[in-house]
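**Student:** Got a structure for you, questions after.
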Amino acid sequence: QQPVQSPQAVILREGEDAVINCSSSKALYSVHWYRQKHGEAPVFLMILLKGGEQKGHDKISASFNEKKQQSSLYLTASQLSYSGTYFCGTDNSMDTGRRALTFGSGTRLQVQP
Amino acid sequence: DSGVTQTPKHLITATGQRVTLRCSPRSGDLSVYWYQQSLDQGLQFLIQYYNGEERAKGNILERFSAQQFPDLHSELNLSSLELGDSALYFCASSVELGPSYEQYFGPGTRLTVT
């Protein structure tokens with residue numbers, strides 16, 4: 001079942017912060033975050049594995065709450081280059097041989113000058 | 001540039017026809033994944049291969065099939081095409097390091113069925 005992302009869209013000014021949420025109705029083994037710019041391929045941002053960890057990548061970080069079956073992506077001091085559609089992909093399988101991500105419908109983020 | 005290549009970039013064909021999309025993974029990656037992205041369906045997982053063997057299947061229609069060859073490149077075959085098959089088809093690859101599998105996407109093949 002597809003994870004639910006919120007909000008569907010957000011408009012920011014440069015320097016502002018944003019949070020994108022991803023929640024699943026099933027137990028999660030891992031959560032993957034990708035960013036896709038218009039007309040381009042999705043680009044990997046980070047993976048969060050079961051264990052409730054938080055990860056960071058420059059000014060983009062994410063958390064994973066396996067009890068709540070949720071993950072959040074935090075973008076701080078946003079830059080124009082952050083514009084794009086953000087997708088979370090969830091993996092519900094403990095079978096490490098089977099890698100199948102179910103992607104949310106995406107959050108469209110636009111950063112304005 | 002992710003290192004994953006896909007050909008062709010664009011494909012225009014008629015309903016009822018059959019096409020083959022090709023993907024070469026990044027050097028060293030054993031896993032290949034196929035995704036379909038359309039405006040109303042988002043990014044849909046189709047199928048995964050690992051070192052030549054099918055590992056996972058998603059929402060792949062019976063009219064679609066795929067394989068991964070000994071040199072690790074993969075092909076996705078779409079037959080009896082319908083208008084609704086028009087979409088962007090992405091291939092991704094990964095090297096699996098324990099439970100972590102970062103997927104690197106190719107540039108995609110845009111299929112238009114007329």
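Note on naming: chains are A, B, ... as they come in the structure tokens, residues start from 1 per chain, ligands start from 1 in the order shown.
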With only C-alpha atoms as the counted atoms, please give the residues lying no more than 9 Å from Ser100 (chain B), apart from itself and same-chain residues fewer than 3 positions off, as number ranges by chain.
**Tutor:** A: 30, 47-49; B: 95-97
**Student:** Restricted to all heavy atoms, what would the selected residues look like written as a CSV table (one decimal), in the first residue's frame?
**Tutor:**
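Now in result_36.csv:
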```
chain,number,residue,atom,x,y,z
A,30,SER,N,12.5,0.0,6.1
A,30,SER,CA,13.4,1.2,5.8
A,30,SER,C,12.5,2.2,5.0
A,30,SER,O,11.5,1.9,4.4
A,30,SER,CB,14.6,0.7,4.9
A,30,SER,OG,14.1,0.2,3.7
A,47,ILE,N,18.8,7.0,3.1
A,47,ILE,CA,18.0,5.8,3.5
A,47,ILE,C,18.0,5.9,5.1
A,47,ILE,O,19.0,6.2,5.7
A,47,ILE,CB,18.7,4.5,3.1
A,47,ILE,CG1,18.6,4.3,1.7
A,47,ILE,CG2,18.0,3.3,3.9
A,47,ILE,CD1,19.3,3.0,1.2
A,48,LEU,N,16.8,5.6,5.6
A,48,LEU,CA,16.8,5.4,7.1
A,48,LEU,C,16.3,4.0,7.3
A,48,LEU,O,15.3,3.5,6.8
A,48,LEU,CB,15.8,6.4,7.7
A,48,LEU,CG,16.2,7.8,7.5
A,48,LEU,CD1,15.4,8.5,6.4
A,48,LEU,CD2,16.2,8.6,8.8
A,49,LEU,N,17.1,3.3,8.1
A,49,LEU,CA,16.8,1.9,8.4
A,49,LEU,C,16.0,1.7,9.8
A,49,LEU,O,16.1,2.6,10.6
A,49,LEU,CB,18.1,1.1,8.5
A,49,LEU,CG,18.9,1.1,7.2
A,49,LEU,CD1,20.2,0.4,7.4
A,49,LEU,CD2,18.1,0.5,6.0
B,95,VAL,N,24.0,-1.4,-5.6
B,95,VAL,CA,24.9,-2.4,-5.1
B,95,VAL,C,24.4,-2.6,-3.6
B,95,VAL,O,24.2,-1.7,-2.9
B,95,VAL,CB,26.4,-2.0,-5.1
B,95,VAL,CG1,26.6,-0.7,-4.4
B,95,VAL,CG2,27.2,-3.1,-4.6
B,96,GLU,N,24.2,-3.8,-3.2
B,96,GLU,CA,23.6,-4.1,-1.9
B,96,GLU,C,24.6,-4.2,-0.9
B,96,GLU,O,25.4,-5.2,-0.9
B,96,GLU,CB,22.6,-5.2,-2.0
B,96,GLU,CG,21.5,-5.0,-3.0
B,96,GLU,CD,20.6,-6.1,-3.1
B,96,GLU,OE1,20.6,-7.0,-2.3
B,96,GLU,OE2,19.8,-6.2,-4.1
B,97,LEU,N,24.6,-3.3,0.1
B,97,LEU,CA,25.6,-3.3,1.2
B,97,LEU,C,24.8,-3.6,2.4
B,97,LEU,O,24.3,-2.7,3.1
B,97,LEU,CB,26.3,-2.0,1.3
B,97,LEU,CG,27.1,-1.6,0.1
B,97,LEU,CD1,27.6,-0.1,0.2
B,97,LEU,CD2,28.3,-2.5,-0.2
```
**Student:** I want to know what sits within 9 Å of region 77-94 of chain B, based on only C-alpha atoms, with residues of the same chain fewer than 5 positions away left out; could you give that as a PyMOL selection string?
**Tutor:** (chain A and resi 41) or (chain B and resi 4-6+13-26+28-39+63-67+101-114)
**Student:** May I have the residues from that selection written out with N, CA and C atoms, as a short mmCIF file (atom, residue, chain, number, x, y, z; two decimals), in the first residue's frame?
**Tutor:**
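And here's part23.cif as it stands now:
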```cif
data_model
loop_
_atom_site.label_atom_id
_atom_site.label_comp_id
_atom_site.auth_asym_id
_atom_site.auth_seq_id
_atom_site.Cartn_x
_atom_site.Cartn_y
_atom_site.Cartn_z
N ALA A 41 15.57 12.38 -13.74
CA ALA A 41 15.40 11.16 -12.96
C ALA A 41 15.41 11.47 -11.46
N VAL B 4 23.88 5.04 -14.79
CA VAL B 4 22.91 4.10 -15.37
C VAL B 4 22.49 4.65 -16.73
N THR B 5 22.54 3.81 -17.74
CA THR B 5 22.15 4.27 -19.08
C THR B 5 20.89 3.53 -19.53
N GLN B 6 20.08 4.28 -20.27
CA GLN B 6 18.85 3.72 -20.80
C GLN B 6 18.71 4.13 -22.26
N THR B 13 5.12 4.92 -30.61
CA THR B 13 4.66 3.73 -31.31
C THR B 13 3.14 3.69 -31.28
N ALA B 14 2.57 2.75 -32.01
CA ALA B 14 1.11 2.67 -32.11
C ALA B 14 0.56 1.60 -31.18
N THR B 15 -0.72 1.71 -30.90
CA THR B 15 -1.37 0.70 -30.07
C THR B 15 -1.23 -0.67 -30.71
N GLY B 16 -1.09 -1.68 -29.86
CA GLY B 16 -0.95 -3.05 -30.34
C GLY B 16 0.46 -3.49 -30.64
N GLN B 17 1.37 -2.53 -30.66
CA GLN B 17 2.76 -2.86 -31.00
C GLN B 17 3.52 -3.38 -29.77
N ARG B 18 4.76 -3.80 -30.04
CA ARG B 18 5.66 -4.31 -28.99
C ARG B 18 6.95 -3.51 -29.04
N VAL B 19 7.47 -3.16 -27.85
CA VAL B 19 8.73 -2.42 -27.79
C VAL B 19 9.64 -3.04 -26.74
N THR B 20 10.91 -2.75 -26.88
CA THR B 20 11.90 -3.21 -25.89
C THR B 20 12.70 -2.02 -25.40
N LEU B 21 12.75 -1.88 -24.09
CA LEU B 21 13.55 -0.83 -23.46
C LEU B 21 14.78 -1.47 -22.85
N ARG B 22 15.90 -0.76 -22.97
CA ARG B 22 17.14 -1.35 -22.52
C ARG B 22 17.78 -0.52 -21.42
N CYS B 23 18.45 -1.22 -20.50
CA CYS B 23 19.08 -0.55 -19.36
C CYS B 23 20.43 -1.19 -19.07
N SER B 24 21.44 -0.35 -18.87
CA SER B 24 22.75 -0.84 -18.40
C SER B 24 23.00 -0.27 -17.03
N PRO B 25 23.20 -1.10 -16.01
CA PRO B 25 23.39 -0.61 -14.65
C PRO B 25 24.77 0.02 -14.46
N ARG B 26 24.95 0.67 -13.33
CA ARG B 26 26.27 1.20 -12.97
C ARG B 26 27.24 0.04 -12.85
N GLY B 28 29.44 -2.57 -11.46
CA GLY B 28 29.50 -3.19 -10.14
C GLY B 28 28.15 -3.44 -9.49
N ASP B 29 27.10 -2.82 -10.02
CA ASP B 29 25.77 -3.04 -9.44
C ASP B 29 25.16 -4.32 -10.00
N LEU B 30 24.66 -5.15 -9.11
CA LEU B 30 24.08 -6.42 -9.53
C LEU B 30 22.55 -6.37 -9.64
N SER B 31 21.97 -5.40 -8.96
CA SER B 31 20.50 -5.29 -8.94
C SER B 31 20.02 -4.26 -9.95
N VAL B 32 18.95 -4.62 -10.63
CA VAL B 32 18.30 -3.70 -11.56
C VAL B 32 16.81 -3.65 -11.22
N TYR B 33 16.25 -2.46 -11.24
CA TYR B 33 14.84 -2.26 -10.95
C TYR B 33 14.21 -1.51 -12.12
N TRP B 34 12.94 -1.81 -12.38
CA TRP B 34 12.19 -1.06 -13.39
C TRP B 34 11.01 -0.38 -12.72
N TYR B 35 10.80 0.89 -13.12
CA TYR B 35 9.69 1.68 -12.60
C TYR B 35 8.94 2.33 -13.76
N GLN B 36 7.66 2.53 -13.54
CA GLN B 36 6.84 3.27 -14.49
C GLN B 36 6.36 4.54 -13.78
N GLN B 37 6.50 5.67 -14.47
CA GLN B 37 6.02 6.92 -13.90
C GLN B 37 5.06 7.60 -14.86
N SER B 38 3.82 7.70 -14.45
CA SER B 38 2.84 8.43 -15.24
C SER B 38 2.25 9.51 -14.35
N LEU B 39 1.58 10.49 -14.99
CA LEU B 39 1.09 11.65 -14.25
C LEU B 39 0.12 11.26 -13.15
N ARG B 63 1.27 -8.29 -19.84
CA ARG B 63 1.76 -7.93 -21.18
C ARG B 63 3.22 -7.44 -21.13
N PHE B 64 3.72 -7.22 -19.93
CA PHE B 64 5.10 -6.73 -19.76
C PHE B 64 5.96 -7.87 -19.24
N SER B 65 7.18 -7.90 -19.70
CA SER B 65 8.13 -8.89 -19.17
C SER B 65 9.51 -8.26 -19.16
N ALA B 66 10.38 -8.84 -18.37
CA ALA B 66 11.73 -8.30 -18.28
C ALA B 66 12.72 -9.44 -18.10
N GLN B 67 13.96 -9.16 -18.35
CA GLN B 67 15.02 -10.11 -18.05
C GLN B 67 16.32 -9.36 -17.82
N TYR B 101 20.37 -0.21 0.34
CA TYR B 101 20.45 -0.33 -1.10
C TYR B 101 20.03 0.96 -1.76
N GLU B 102 20.99 1.85 -1.92
CA GLU B 102 20.70 3.11 -2.59
C GLU B 102 20.48 2.83 -4.07
N GLN B 103 19.41 3.34 -4.58
CA GLN B 103 19.08 3.10 -5.98
C GLN B 103 19.46 4.33 -6.80
N TYR B 104 20.14 4.09 -7.89
CA TYR B 104 20.54 5.15 -8.81
C TYR B 104 19.75 4.99 -10.10
N PHE B 105 19.04 6.05 -10.43
CA PHE B 105 18.12 6.00 -11.56
C PHE B 105 18.78 6.44 -12.86
N GLY B 106 18.41 5.77 -13.93
CA GLY B 106 18.81 6.21 -15.25
C GLY B 106 17.94 7.38 -15.70
N PRO B 107 18.25 7.95 -16.88
CA PRO B 107 17.52 9.13 -17.36
C PRO B 107 16.11 8.84 -17.83
N GLY B 108 15.76 7.57 -18.01
CA GLY B 108 14.41 7.21 -18.39
C GLY B 108 14.20 7.09 -19.88
N THR B 109 13.16 6.34 -20.24
CA THR B 109 12.69 6.25 -21.63
C THR B 109 11.25 6.75 -21.62
N ARG B 110 11.00 7.76 -22.44
CA ARG B 110 9.64 8.29 -22.54
C ARG B 110 8.92 7.55 -23.66
N LEU B 111 7.89 6.79 -23.30
CA LEU B 111 7.12 6.02 -24.26
C LEU B 111 5.80 6.72 -24.53
N THR B 112 5.53 6.96 -25.79
CA THR B 112 4.25 7.54 -26.20
C THR B 112 3.57 6.53 -27.11
N VAL B 113 2.38 6.12 -26.72
CA VAL B 113 1.60 5.19 -27.53
C VAL B 113 0.46 5.97 -28.18
N THR B 114 0.39 5.93 -29.51
CA THR B 114 -0.63 6.71 -30.23
C THR B 114 -1.69 5.82 -30.85
#
```
**Student:** Compile a residue-level contact table for chain A against chain B at a cut-off of 10 Å, reporting for every qualifying residue the shortest atom pair and its distance in Å to one decimal, with only C-alpha atoms counted, rows ordered by chain and ascending number, as JSON lines.
**Tutor:**
```
{"residue": "A:Gln2", "atom": "CA", "partner": "B:Gln44", "partner_atom": "CA", "distance": 9.6}
{"residue": "A:Tyr29", "atom": "CA", "partner": "B:Pro99", "partner_atom": "CA", "distance": 9.2}
{"residue": "A:Ser30", "atom": "CA", "partner": "B:Ser100", "partner_atom": "CA", "distance": 8.6}
{"residue": "A:His32", "atom": "CA", "partner": "B:Glu102", "partner_atom": "CA", "distance": 8.1}
{"residue": "A:Trp33", "atom": "CA", "partner": "B:Glu102", "partner_atom": "CA", "distance": 9.8}
{"residue": "A:Tyr34", "atom": "CA", "partner": "B:Gln103", "partner_atom": "CA", "distance": 9.4}
{"residue": "A:Gly39", "atom": "CA", "partner": "B:Pro107", "partner_atom": "CA", "distance": 8.9}
{"residue": "A:Glu40", "atom": "CA", "partner": "B:Pro107", "partner_atom": "CA", "distance": 6.5}
{"residue": "A:Ala41", "atom": "CA", "partner": "B:Pro107", "partner_atom": "CA", "distance": 5.3}
{"residue": "A:Pro42", "atom": "CA", "partner": "B:Phe105", "partner_atom": "CA", "distance": 6.3}
{"residue": "A:Val43", "atom": "CA", "partner": "B:Tyr104", "partner_atom": "CA", "distance": 6.9}
{"residue": "A:Phe44", "atom": "CA", "partner": "B:Tyr104", "partner_atom": "CA", "distance": 6.7}
{"residue": "A:Leu45", "atom": "CA", "partner": "B:Glu102", "partner_atom": "CA", "distance": 8.8}
{"residue": "A:Met46", "atom": "CA", "partner": "B:Glu102", "partner_atom": "CA", "distance": 7.8}
{"residue": "A:Ile47", "atom": "CA", "partner": "B:Ser100", "partner_atom": "CA", "distance": 7.2}
{"residue": "A:Leu48", "atom": "CA", "partner": "B:Ser100", "partner_atom": "CA", "distance": 8.7}
{"residue": "A:Leu49", "atom": "CA", "partner": "B:Ser100", "partner_atom": "CA", "distance": 7.7}
{"residue": "A:Lys50", "atom": "CA", "partner": "B:Pro99", "partner_atom": "CA", "distance": 9.7}
{"residue": "A:Phe87", "atom": "CA", "partner": "B:Leu43", "partner_atom": "CA", "distance": 8.8}
{"residue": "A:Gly89", "atom": "CA", "partner": "B:Leu43", "partner_atom": "CA", "distance": 9.4}
{"residue": "A:Met94", "atom": "CA", "partner": "B:Pro99", "partner_atom": "CA", "distance": 9.4}
{"residue": "A:Asp95", "atom": "CA", "partner": "B:Pro99", "partner_atom": "CA", "distance": 9.6}
{"residue": "A:Thr96", "atom": "CA", "partner": "B:Pro99", "partner_atom": "CA", "distance": 6.4}
{"residue": "A:Gly97", "atom": "CA", "partner": "B:Arg55", "partner_atom": "CA", "distance": 6.9}
{"residue": "A:Arg98", "atom": "CA", "partner": "B:Ala56", "partner_atom": "CA", "distance": 5.5}
{"residue": "A:Arg99", "atom": "CA", "partner": "B:Ala56", "partner_atom": "CA", "distance": 6.7}
{"residue": "A:Ala100", "atom": "CA", "partner": "B:Ala56", "partner_atom": "CA", "distance": 6.4}
{"residue": "A:Leu101", "atom": "CA", "partner": "B:Phe45", "partner_atom": "CA", "distance": 6.7}
{"residue": "A:Thr102", "atom": "CA", "partner": "B:Phe45", "partner_atom": "CA", "distance": 6.7}
{"residue": "A:Phe103", "atom": "CA", "partner": "B:Leu43", "partner_atom": "CA", "distance": 6.1}
{"residue": "A:Gly104", "atom": "CA", "partner": "B:Gly42", "partner_atom": "CA", "distance": 7.6}
{"residue": "A:Ser105", "atom": "CA", "partner": "B:Gly42", "partner_atom": "CA", "distance": 5.6}
{"residue": "A:Gly106", "atom": "CA", "partner": "B:Gly42", "partner_atom": "CA", "distance": 7.7}
```
**Student:** Keeping only N, CA and C atoms, take the residues you just selected and write them out as a CSV table (one decimal), in the first residue's frame.
**Tutor:**
```csv
chain,number,residue,atom,x,y,z
A,2,GLN,N,0.4,2.2,-0.8
A,2,GLN,CA,1.2,3.4,-1.0
A,2,GLN,C,1.3,4.3,0.3
A,29,TYR,N,10.5,-1.4,7.3
A,29,TYR,CA,11.8,-1.9,7.4
A,29,TYR,C,12.8,-0.7,7.1
A,30,SER,N,12.5,0.0,6.1
A,30,SER,CA,13.4,1.2,5.8
A,30,SER,C,12.5,2.2,5.0
A,32,HIS,N,13.2,5.4,2.2
A,32,HIS,CA,14.2,6.0,1.3
A,32,HIS,C,13.6,7.4,0.8
A,33,TRP,N,14.4,8.4,0.7
A,33,TRP,CA,14.0,9.7,0.2
A,33,TRP,C,14.7,10.0,-1.1
A,34,TYR,N,14.0,10.5,-2.1
A,34,TYR,CA,14.5,10.9,-3.4
A,34,TYR,C,13.9,12.3,-3.7
A,39,GLY,N,11.4,16.7,-15.4
A,39,GLY,CA,12.1,16.2,-16.6
A,39,GLY,C,13.3,15.4,-16.4
A,40,GLU,N,13.7,15.2,-15.1
A,40,GLU,CA,14.9,14.4,-14.8
A,40,GLU,C,14.6,13.2,-14.0
A,41,ALA,N,15.6,12.4,-13.7
A,41,ALA,CA,15.4,11.2,-13.0
A,41,ALA,C,15.4,11.5,-11.5
A,42,PRO,N,14.8,10.6,-10.7
A,42,PRO,CA,14.9,10.8,-9.2
A,42,PRO,C,16.3,10.6,-8.8
A,43,VAL,N,16.7,11.4,-7.8
A,43,VAL,CA,18.1,11.4,-7.2
A,43,VAL,C,18.0,11.0,-5.8
A,44,PHE,N,18.8,10.0,-5.4
A,44,PHE,CA,18.8,9.5,-4.0
A,44,PHE,C,19.3,10.5,-3.1
A,45,LEU,N,18.6,10.7,-1.9
A,45,LEU,CA,19.0,11.6,-0.9
A,45,LEU,C,19.5,10.8,0.3
A,46,MET,N,18.7,9.9,0.9
A,46,MET,CA,19.1,9.1,2.0
A,46,MET,C,18.2,8.0,2.3
A,47,ILE,N,18.8,7.0,3.1
A,47,ILE,CA,18.0,5.8,3.5
A,47,ILE,C,18.0,5.9,5.1
A,48,LEU,N,16.8,5.6,5.6
A,48,LEU,CA,16.8,5.4,7.1
A,48,LEU,C,16.3,4.0,7.3
A,49,LEU,N,17.1,3.3,8.1
A,49,LEU,CA,16.8,1.9,8.4
A,49,LEU,C,16.0,1.7,9.8
A,50,LYS,N,15.4,0.6,9.9
A,50,LYS,CA,14.7,0.3,11.2
A,50,LYS,C,15.6,0.5,12.3
A,87,PHE,N,10.0,12.4,-3.0
A,87,PHE,CA,9.3,11.2,-2.8
A,87,PHE,C,9.9,10.4,-1.7
A,89,GLY,N,10.1,6.5,-0.3
A,89,GLY,CA,9.8,5.1,-0.8
A,89,GLY,C,10.0,4.2,0.4
A,94,MET,N,11.0,-7.7,5.4
A,94,MET,CA,12.2,-8.1,6.2
A,94,MET,C,13.1,-9.0,5.3
A,95,ASP,N,12.6,-9.4,4.2
A,95,ASP,CA,13.3,-10.3,3.3
A,95,ASP,C,14.4,-9.5,2.6
A,96,THR,N,15.6,-9.6,3.0
A,96,THR,CA,16.7,-8.7,2.5
A,96,THR,C,17.0,-9.1,1.1
A,97,GLY,N,16.5,-10.2,0.6
A,97,GLY,CA,16.8,-10.5,-0.8
A,97,GLY,C,15.8,-9.8,-1.8
A,98,ARG,N,14.7,-9.3,-1.2
A,98,ARG,CA,13.6,-8.7,-2.0
A,98,ARG,C,13.6,-7.2,-1.7
A,99,ARG,N,14.0,-6.4,-2.7
A,99,ARG,CA,14.1,-5.0,-2.6
A,99,ARG,C,13.0,-4.3,-3.4
A,100,ALA,N,11.9,-4.0,-2.8
A,100,ALA,CA,10.8,-3.4,-3.5
A,100,ALA,C,10.4,-2.2,-2.8
A,101,LEU,N,10.5,-1.0,-3.4
A,101,LEU,CA,10.0,0.2,-2.8
A,101,LEU,C,8.7,0.6,-3.3
A,102,THR,N,7.8,1.0,-2.4
A,102,THR,CA,6.6,1.6,-2.7
A,102,THR,C,6.7,3.1,-2.5
A,103,PHE,N,6.5,3.9,-3.5
A,103,PHE,CA,6.7,5.3,-3.4
A,103,PHE,C,5.4,6.1,-3.1
A,104,GLY,N,5.5,7.1,-2.3
A,104,GLY,CA,4.4,8.0,-2.1
A,104,GLY,C,4.1,8.9,-3.4
A,105,SER,N,3.1,9.6,-3.3
A,105,SER,CA,2.7,10.4,-4.5
A,105,SER,C,3.5,11.7,-4.7
A,106,GLY,N,4.4,12.0,-3.7
A,106,GLY,CA,5.3,13.1,-3.9
A,106,GLY,C,4.8,14.4,-3.3
```
**Student:** So how far away is CA of Lys68 (chain A) from CA of Cys88 (chain A), in Å?
**Tutor:** 15.6 Å
**Student:** Determine which residues of region 32-114 of chain B DSSP labels as strand (DSSP E) from the backbone of this structure, then write them out as a ChimeraX atom specification.
**Tutor:** /B:32-38,42-50,53-57,64-68,74-78,87-94,104-105,109-113
**Student:** As a PyMOL selection string, please: the residues near Ile60 (chain A) (cut-off 10 Å, only C-alpha atoms, same-chain neighbours under 2 positions excluded).
**Tutor:** chain A and resi 17-19+45-46+55-58+62+73-78+82
**Student:** What is the distance, in Å and to one decimal place, between CA of Glu66 (chain A) and CA of Ile20 (chain A)?
**Tutor:** 16.4 Å
**Student:** Might you pull out every residue within 12 Å of Lys67 (chain A), with only C-alpha atoms counted and same-chain residues fewer than 3 positions away left off, and present them as a PyMOL selection string?
**Tutor:** chain A and resi 23-29+50-52+64+70-71
**Student:** Limited to N, CA, C and O atoms, could you put the picked residues into a file as a compact mmCIF listing (two decimals), in the first residue's frame?
**Tutor:**
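See result_30.txt below for the written result:
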```
# COMPACT_ATOMS: atom_id res chain seq x y z
N SER A 23 3.97 8.66 5.88
CA SER A 23 3.46 7.69 6.84
C SER A 23 2.92 6.46 6.13
O SER A 23 2.37 6.55 5.03
N SER A 24 3.08 5.33 6.79
CA SER A 24 2.68 4.06 6.21
C SER A 24 1.70 3.35 7.12
O SER A 24 1.75 3.49 8.34
N SER A 25 0.81 2.57 6.51
CA SER A 25 -0.14 1.80 7.30
C SER A 25 0.45 0.45 7.68
O SER A 25 -0.14 -0.31 8.45
N LYS A 26 1.63 0.15 7.13
CA LYS A 26 2.30 -1.12 7.42
C LYS A 26 3.59 -0.87 8.19
O LYS A 26 4.17 0.21 8.10
N ALA A 27 4.07 -1.90 8.87
CA ALA A 27 5.36 -1.80 9.56
C ALA A 27 6.45 -1.56 8.52
O ALA A 27 6.44 -2.14 7.44
N LEU A 28 7.38 -0.68 8.88
CA LEU A 28 8.42 -0.29 7.94
C LEU A 28 9.75 -0.93 8.29
O LEU A 28 10.14 -0.98 9.47
N TYR A 29 10.45 -1.38 7.27
CA TYR A 29 11.81 -1.86 7.45
C TYR A 29 12.80 -0.75 7.13
O TYR A 29 13.82 -0.59 7.78
N LYS A 50 15.40 0.64 9.92
CA LYS A 50 14.68 0.32 11.15
C LYS A 50 15.61 0.54 12.34
O LYS A 50 16.75 0.06 12.33
N GLY A 51 15.14 1.29 13.33
CA GLY A 51 15.99 1.60 14.47
C GLY A 51 15.80 3.01 14.94
O GLY A 51 16.39 3.45 15.92
N GLY A 52 14.93 3.77 14.25
CA GLY A 52 14.60 5.12 14.70
C GLY A 52 15.72 6.11 14.54
O GLY A 52 15.83 7.06 15.30
N PHE A 64 13.16 8.79 11.43
CA PHE A 64 12.36 7.61 11.16
C PHE A 64 11.85 7.09 12.50
O PHE A 64 12.62 6.72 13.36
N GLN A 70 6.39 6.22 10.57
CA GLN A 70 6.48 7.53 9.93
C GLN A 70 7.93 7.95 9.72
O GLN A 70 8.81 7.57 10.49
N SER A 71 8.12 8.76 8.69
CA SER A 71 9.41 9.41 8.50
C SER A 71 9.16 10.86 8.13
O SER A 71 8.13 11.19 7.53
```
**Student:** Report, in Å with one decimal, the straight-line distance from CA of Thr90 (chain A) to CA of Glu53 (chain B).
**Tutor:**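 A separation of 22.5 Å between them.
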